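Undergrad: Shown below is the structure under consideration.
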Amino acid sequence: MTTATLTNTTADQAWSLMKNFTGLDKILPAVQTCYKVEGVDGEPSCIRYAAGKVPAPGGEELFLWAKERLIETNLVNQFFWYEMVESSVGFRRYFRRLGAKEGGGGSGGGGGDQGWTKEEFDGFLGGGLEAMARRIEEIFKG
């Protein structure tokens, strides 16, 4: 499980930004574009496209993209499940839960089967989640 702790923001405040499935570019600095490809935004089966550049070893930047399908949104417990259906990282199958809760927890679950190693991808996700937490805190600092 990958988590990030927000020190000056409530779970409700964080969720108010995180629940926008196609708004990832607003809260994750590395994502430069995110938009709906098909379906109804926020409804199961909605597919988003997200892309951006991330630092790579040697000082280079990698352009990464993914198409992800929303599986379930739970507004009461403040999380959603989604799956990666296509990507530049090589996973053919990947599921993830993203949510907000008081007392910790930001993201968890998941699995992939091709491309990056699990450790590499978990490290990438952990760095992204920390960046997302810092961005949410900045938004509510206000």
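To be explicit about the labels: the chains of the structure tokens are called A, B, and onward in the order shown, and within each one the residues are counted from 1, while ligands get numbers from 1 in the order they are shown.
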DSSP on the backbone: what in range 16-115 of chain A comes out strand (DSSP E or B), as a ChimeraX atom specification?
TA: /A:31-38,47-55,61-74,79-87,94-99,107-108
Undergrad: Could you list, as an MDAnalysis selection string, every residue within 9 Å of Leu24 in chain A, counting only C-alpha atoms and ignoring same-chain residues fewer than 5 positions away?
TA: chainID A and resid 17:18 29 31:35 50
Undergrad: Next, the residues of the selection above should be written as a PDB file, in the first residue's frame with N, CA, C and O atoms.
TA:
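Printed below is again_12.pdb as written:
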ATOM      1  N   LEU A  17     -11.068  17.363  -4.160  1.00  0.00           N
ATOM      2  CA  LEU A  17     -10.234  17.483  -5.358  1.00  0.00           C
ATOM      3  C   LEU A  17      -9.970  16.122  -6.008  1.00  0.00           C
ATOM      4  O   LEU A  17      -9.972  15.999  -7.232  1.00  0.00           O
ATOM      5  N   MET A  18      -9.742  15.130  -5.192  1.00  0.00           N
ATOM      6  CA  MET A  18      -9.366  13.813  -5.700  1.00  0.00           C
ATOM      7  C   MET A  18     -10.487  13.096  -6.435  1.00  0.00           C
ATOM      8  O   MET A  18     -10.232  12.308  -7.342  1.00  0.00           O
ATOM      9  N   PRO A  29       1.307  17.166 -10.077  1.00  0.00           N
ATOM     10  CA  PRO A  29       2.143  18.068 -10.881  1.00  0.00           C
ATOM     11  C   PRO A  29       2.749  17.454 -12.145  1.00  0.00           C
ATOM     12  O   PRO A  29       2.881  18.142 -13.154  1.00  0.00           O
ATOM     13  N   VAL A  31       1.454  15.356 -14.149  1.00  0.00           N
ATOM     14  CA  VAL A  31       0.443  15.153 -15.192  1.00  0.00           C
ATOM     15  C   VAL A  31       0.134  16.501 -15.838  1.00  0.00           C
ATOM     16  O   VAL A  31      -0.326  17.424 -15.187  1.00  0.00           O
ATOM     17  N   GLN A  32       0.426  16.597 -17.107  1.00  0.00           N
ATOM     18  CA  GLN A  32       0.229  17.847 -17.825  1.00  0.00           C
ATOM     19  C   GLN A  32      -1.109  17.919 -18.531  1.00  0.00           C
ATOM     20  O   GLN A  32      -1.594  19.002 -18.844  1.00  0.00           O
ATOM     21  N   THR A  33      -1.696  16.766 -18.790  1.00  0.00           N
ATOM     22  CA  THR A  33      -3.008  16.743 -19.418  1.00  0.00           C
ATOM     23  C   THR A  33      -3.786  15.529 -18.919  1.00  0.00           C
ATOM     24  O   THR A  33      -3.216  14.467 -18.699  1.00  0.00           O
ATOM     25  N   CYS A  34      -5.076  15.729 -18.720  1.00  0.00           N
ATOM     26  CA  CYS A  34      -5.959  14.636 -18.306  1.00  0.00           C
ATOM     27  C   CYS A  34      -7.354  14.985 -18.810  1.00  0.00           C
ATOM     28  O   CYS A  34      -7.859  16.077 -18.530  1.00  0.00           O
ATOM     29  N   TYR A  35      -7.949  14.074 -19.564  1.00  0.00           N
ATOM     30  CA  TYR A  35      -9.286  14.337 -20.086  1.00  0.00           C
ATOM     31  C   TYR A  35     -10.037  13.032 -20.321  1.00  0.00           C
ATOM     32  O   TYR A  35      -9.448  11.962 -20.407  1.00  0.00           O
ATOM     33  N   ALA A  50      -4.334  10.353 -19.372  1.00  0.00           N
ATOM     34  CA  ALA A  50      -3.466  11.222 -18.577  1.00  0.00           C
ATOM     35  C   ALA A  50      -2.049  11.072 -19.098  1.00  0.00           C
ATOM     36  O   ALA A  50      -1.606   9.963 -19.407  1.00  0.00           O
TER      37      ALA A  50
END
Undergrad: Between A:Leu125, A:Ala133, A:Ala51, A:Leu75, which residue has the minimum interatomic distance to Thr10 in chain A, considering only C-alpha atoms?
TA: A:Ala133
Undergrad: So that I can check the surroundings of range 58-68 of chain A, please list as a compact mmCIF listing (two decimals) with N, CA, C and O atoms, in the first residue's frame every protein, DNA and RNA residue that reaches within 9 Å of it, counting only C-alpha atoms and ignoring chain neighbours fewer than 2 positions away.
TA:
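Full text of out33.txt as output:
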# COMPACT_ATOMS: atom_id res chain seq x y z
N VAL A 31 1.45 15.36 -14.15
CA VAL A 31 0.44 15.15 -15.19
C VAL A 31 0.13 16.50 -15.84
O VAL A 31 -0.33 17.42 -15.19
N VAL A 37 -11.94 10.28 -22.30
CA VAL A 37 -11.87 9.69 -23.64
C VAL A 37 -13.24 9.15 -24.04
O VAL A 37 -13.67 9.31 -25.16
N CYS A 46 -16.13 5.14 -17.33
CA CYS A 46 -15.50 6.34 -17.89
C CYS A 46 -14.01 6.04 -18.08
O CYS A 46 -13.37 5.44 -17.21
N ILE A 47 -13.47 6.42 -19.22
CA ILE A 47 -12.04 6.25 -19.48
C ILE A 47 -11.39 7.62 -19.61
O ILE A 47 -11.90 8.49 -20.32
N ARG A 48 -10.27 7.79 -18.89
CA ARG A 48 -9.51 9.03 -18.97
C ARG A 48 -8.15 8.76 -19.61
O ARG A 48 -7.64 7.64 -19.57
N TYR A 49 -7.62 9.80 -20.21
CA TYR A 49 -6.25 9.79 -20.74
C TYR A 49 -5.47 10.77 -19.89
O TYR A 49 -5.90 11.92 -19.70
N ALA A 50 -4.33 10.35 -19.37
CA ALA A 50 -3.47 11.22 -18.58
C ALA A 50 -2.05 11.07 -19.10
O ALA A 50 -1.61 9.96 -19.41
N ALA A 51 -1.33 12.20 -19.20
CA ALA A 51 0.03 12.17 -19.72
C ALA A 51 0.87 13.28 -19.10
O ALA A 51 0.34 14.32 -18.70
N GLY A 52 2.17 13.03 -19.05
CA GLY A 52 3.08 14.04 -18.54
C GLY A 52 4.51 13.55 -18.58
O GLY A 52 4.79 12.42 -18.98
N LYS A 53 5.41 14.42 -18.16
CA LYS A 53 6.84 14.10 -18.14
C LYS A 53 7.30 13.93 -16.70
O LYS A 53 6.89 14.68 -15.81
N VAL A 54 8.14 12.92 -16.49
CA VAL A 54 8.70 12.66 -15.16
C VAL A 54 10.21 12.51 -15.28
O VAL A 54 10.72 12.10 -16.33
N PRO A 55 10.93 12.87 -14.21
CA PRO A 55 12.39 12.71 -14.24
C PRO A 55 12.78 11.25 -14.39
O PRO A 55 12.14 10.36 -13.85
N ALA A 56 13.85 11.02 -15.14
CA ALA A 56 14.37 9.67 -15.33
C ALA A 56 15.83 9.65 -14.88
O ALA A 56 16.46 10.71 -14.76
N LEU A 70 -12.50 3.95 -14.96
CA LEU A 70 -13.08 4.01 -13.63
C LEU A 70 -13.95 2.77 -13.41
O LEU A 70 -14.81 2.46 -14.23
N TYR A 82 -9.86 2.09 -10.06
CA TYR A 82 -9.72 2.23 -11.50
C TYR A 82 -8.70 1.22 -12.00
O TYR A 82 -7.95 0.64 -11.24
N GLU A 83 -8.72 1.00 -13.31
CA GLU A 83 -7.77 0.08 -13.92
C GLU A 83 -7.09 0.76 -15.09
O GLU A 83 -7.68 1.59 -15.78
N MET A 84 -5.83 0.43 -15.29
CA MET A 84 -5.08 0.91 -16.43
C MET A 84 -5.41 -0.02 -17.60
O MET A 84 -5.28 -1.23 -17.48
N VAL A 85 -5.86 0.56 -18.71
CA VAL A 85 -6.22 -0.28 -19.85
C VAL A 85 -5.20 -0.20 -20.98
O VAL A 85 -5.11 -1.12 -21.78
N GLU A 86 -4.43 0.89 -21.03
CA GLU A 86 -3.32 1.05 -21.97
C GLU A 86 -2.33 2.00 -21.33
O GLU A 86 -2.73 2.90 -20.59
N SER A 87 -1.03 1.82 -21.64
CA SER A 87 -0.06 2.75 -21.08
C SER A 87 1.29 2.64 -21.77
O SER A 87 1.55 1.68 -22.48
N SER A 88 2.12 3.61 -21.48
CA SER A 88 3.48 3.58 -21.99
C SER A 88 4.43 2.87 -21.03
O SER A 88 5.61 2.72 -21.34
N VAL A 89 3.95 2.44 -19.86
CA VAL A 89 4.82 1.78 -18.89
C VAL A 89 4.81 0.26 -19.04
O VAL A 89 5.54 -0.42 -18.33
Undergrad: Quick one: pull the distance between CA of Ala30 in chain A and CA of Ala4 in chain A, Å, one decimal.
TA: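 Interatomic distance, CA of Ala30 in chain A to CA of Ala4 in chain A: 16.4 Å.
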Undergrad: Any idea what the distance is between CA of Ala100 in chain A and CA of Asn77 in chain A?
TA: 8.2 Å
Undergrad: Excluding Lys141 in chain A and its own-chain neighbours fewer than 5 positions away, which residues fall within 9 Å of it when counting only C-alpha atoms? Please give them as an MDAnalysis selection string.
TA: chainID A and resid 8:9 136
Undergrad: Within 7 Å of Leu28 in chain A, counting only C-alpha atoms, which residues qualify if same-chain residues fewer than 5 places away don't, as a list in words?
TA: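 So the residues in contact are Gly128, Ala131, Met132 and Arg135 of chain A.
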Undergrad: Given the selection you just returned, output its residues as a file containing all heavy atoms, formatted as a PDB file, in the first residue's frame.
TA:
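Result file follows (out.pdb):
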ATOM      1  N   GLY A 128       4.648  10.052  -6.781  1.00  0.00           N
ATOM      2  CA  GLY A 128       3.494  10.787  -7.312  1.00  0.00           C
ATOM      3  C   GLY A 128       2.482  11.114  -6.245  1.00  0.00           C
ATOM      4  O   GLY A 128       1.916  12.210  -6.207  1.00  0.00           O
ATOM      5  N   ALA A 131       3.755  13.966  -4.180  1.00  0.00           N
ATOM      6  CA  ALA A 131       3.603  15.219  -4.934  1.00  0.00           C
ATOM      7  C   ALA A 131       2.149  15.673  -4.930  1.00  0.00           C
ATOM      8  O   ALA A 131       1.856  16.869  -4.820  1.00  0.00           O
ATOM      9  CB  ALA A 131       4.123  15.042  -6.362  1.00  0.00           C
ATOM     10  N   MET A 132       1.219  14.719  -5.065  1.00  0.00           N
ATOM     11  CA  MET A 132      -0.202  15.042  -5.030  1.00  0.00           C
ATOM     12  C   MET A 132      -0.575  15.621  -3.667  1.00  0.00           C
ATOM     13  O   MET A 132      -1.300  16.625  -3.581  1.00  0.00           O
ATOM     14  CB  MET A 132      -1.046  13.803  -5.325  1.00  0.00           C
ATOM     15  CG  MET A 132      -2.546  14.071  -5.352  1.00  0.00           C
ATOM     16  SD  MET A 132      -3.540  12.554  -5.553  1.00  0.00           S
ATOM     17  CE  MET A 132      -2.989  11.955  -7.132  1.00  0.00           C
ATOM     18  N   ARG A 135       0.584  19.171  -3.404  1.00  0.00           N
ATOM     19  CA  ARG A 135      -0.233  20.056  -4.234  1.00  0.00           C
ATOM     20  C   ARG A 135      -1.581  20.333  -3.576  1.00  0.00           C
ATOM     21  O   ARG A 135      -2.062  21.479  -3.571  1.00  0.00           O
ATOM     22  CB  ARG A 135      -0.432  19.448  -5.628  1.00  0.00           C
ATOM     23  CG  ARG A 135      -1.308  20.257  -6.540  1.00  0.00           C
ATOM     24  CD  ARG A 135      -0.639  21.580  -6.930  1.00  0.00           C
ATOM     25  NE  ARG A 135      -1.557  22.339  -7.744  1.00  0.00           N
ATOM     26  CZ  ARG A 135      -1.951  23.576  -7.474  1.00  0.00           C
ATOM     27  NH1 ARG A 135      -1.457  24.229  -6.441  1.00  0.00           N
ATOM     28  NH2 ARG A 135      -2.816  24.188  -8.244  1.00  0.00           N
TER      29      ARG A 135
END
Undergrad: Using DSSP on the backbone, list every residue of chain A that comes out as alpha helix (DSSP H), and give them as JSON, numbers by chain.
TA: {"A": [11, 12, 13, 14, 15, 16, 17, 18, 24, 25, 26, 27, 118, 119, 120, 121, 122, 123, 124, 125, 126, 127, 128, 129, 130, 131, 132, 133, 134, 135, 136, 137, 138, 139, 140, 141]}
Undergrad: Could you save the residues just selected, with C-alpha atoms, as an mmCIF file, in the first residue's frame?
TA:
data_model
loop_
_atom_site.group_PDB
_atom_site.id
_atom_site.type_symbol
_atom_site.label_atom_id
_atom_site.label_comp_id
_atom_site.auth_asym_id
_atom_site.auth_seq_id
_atom_site.Cartn_x
_atom_site.Cartn_y
_atom_site.Cartn_z
ATOM 1 C CA ALA A 11 -9.851 14.123 4.233
ATOM 2 C CA ASP A 12 -13.028 15.905 3.073
ATOM 3 C CA GLN A 13 -10.978 18.744 1.583
ATOM 4 C CA ALA A 14 -8.589 16.354 -0.142
ATOM 5 C CA TRP A 15 -11.446 14.203 -1.474
ATOM 6 C CA SER A 16 -13.161 17.293 -2.908
ATOM 7 C CA LEU A 17 -10.234 17.483 -5.358
ATOM 8 C CA MET A 18 -9.366 13.813 -5.700
ATOM 9 C CA LEU A 24 -5.710 14.463 -12.225
ATOM 10 C CA ASP A 25 -3.718 17.240 -13.908
ATOM 11 C CA LYS A 26 -5.027 19.677 -11.267
ATOM 12 C CA ILE A 27 -3.552 17.765 -8.326
ATOM 13 C CA LYS A 118 6.687 -3.891 -9.108
ATOM 14 C CA GLU A 119 9.302 -2.096 -6.992
ATOM 15 C CA GLU A 120 9.994 0.491 -9.719
ATOM 16 C CA PHE A 121 6.310 1.183 -10.245
ATOM 17 C CA ASP A 122 5.558 1.310 -6.497
ATOM 18 C CA GLY A 123 8.379 3.856 -6.112
ATOM 19 C CA PHE A 124 6.963 5.893 -8.986
ATOM 20 C CA LEU A 125 3.468 5.807 -7.469
ATOM 21 C CA GLY A 126 4.773 6.722 -4.020
ATOM 22 C CA GLY A 127 6.596 9.760 -5.395
ATOM 23 C CA GLY A 128 3.494 10.787 -7.312
ATOM 24 C CA LEU A 129 1.279 10.400 -4.275
ATOM 25 C CA GLU A 130 3.629 12.561 -2.179
ATOM 26 C CA ALA A 131 3.603 15.219 -4.934
ATOM 27 C CA MET A 132 -0.202 15.042 -5.030
ATOM 28 C CA ALA A 133 -0.373 15.505 -1.240
ATOM 29 C CA ARG A 134 1.889 18.578 -1.410
ATOM 30 C CA ARG A 135 -0.233 20.056 -4.234
ATOM 31 C CA ILE A 136 -3.503 19.515 -2.319
ATOM 32 C CA GLU A 137 -1.965 21.165 0.754
ATOM 33 C CA GLU A 138 -0.902 24.150 -1.421
ATOM 34 C CA ILE A 139 -4.431 24.535 -2.804
ATOM 35 C CA PHE A 140 -5.975 24.661 0.662
ATOM 36 C CA LYS A 141 -3.240 26.840 2.180
#
Undergrad: What's the separation between CA of Val76 in chain A and CA of Glu38 in chain A, in Å to one decimal place?
TA: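 These atoms are spaced 25.0 Å apart.
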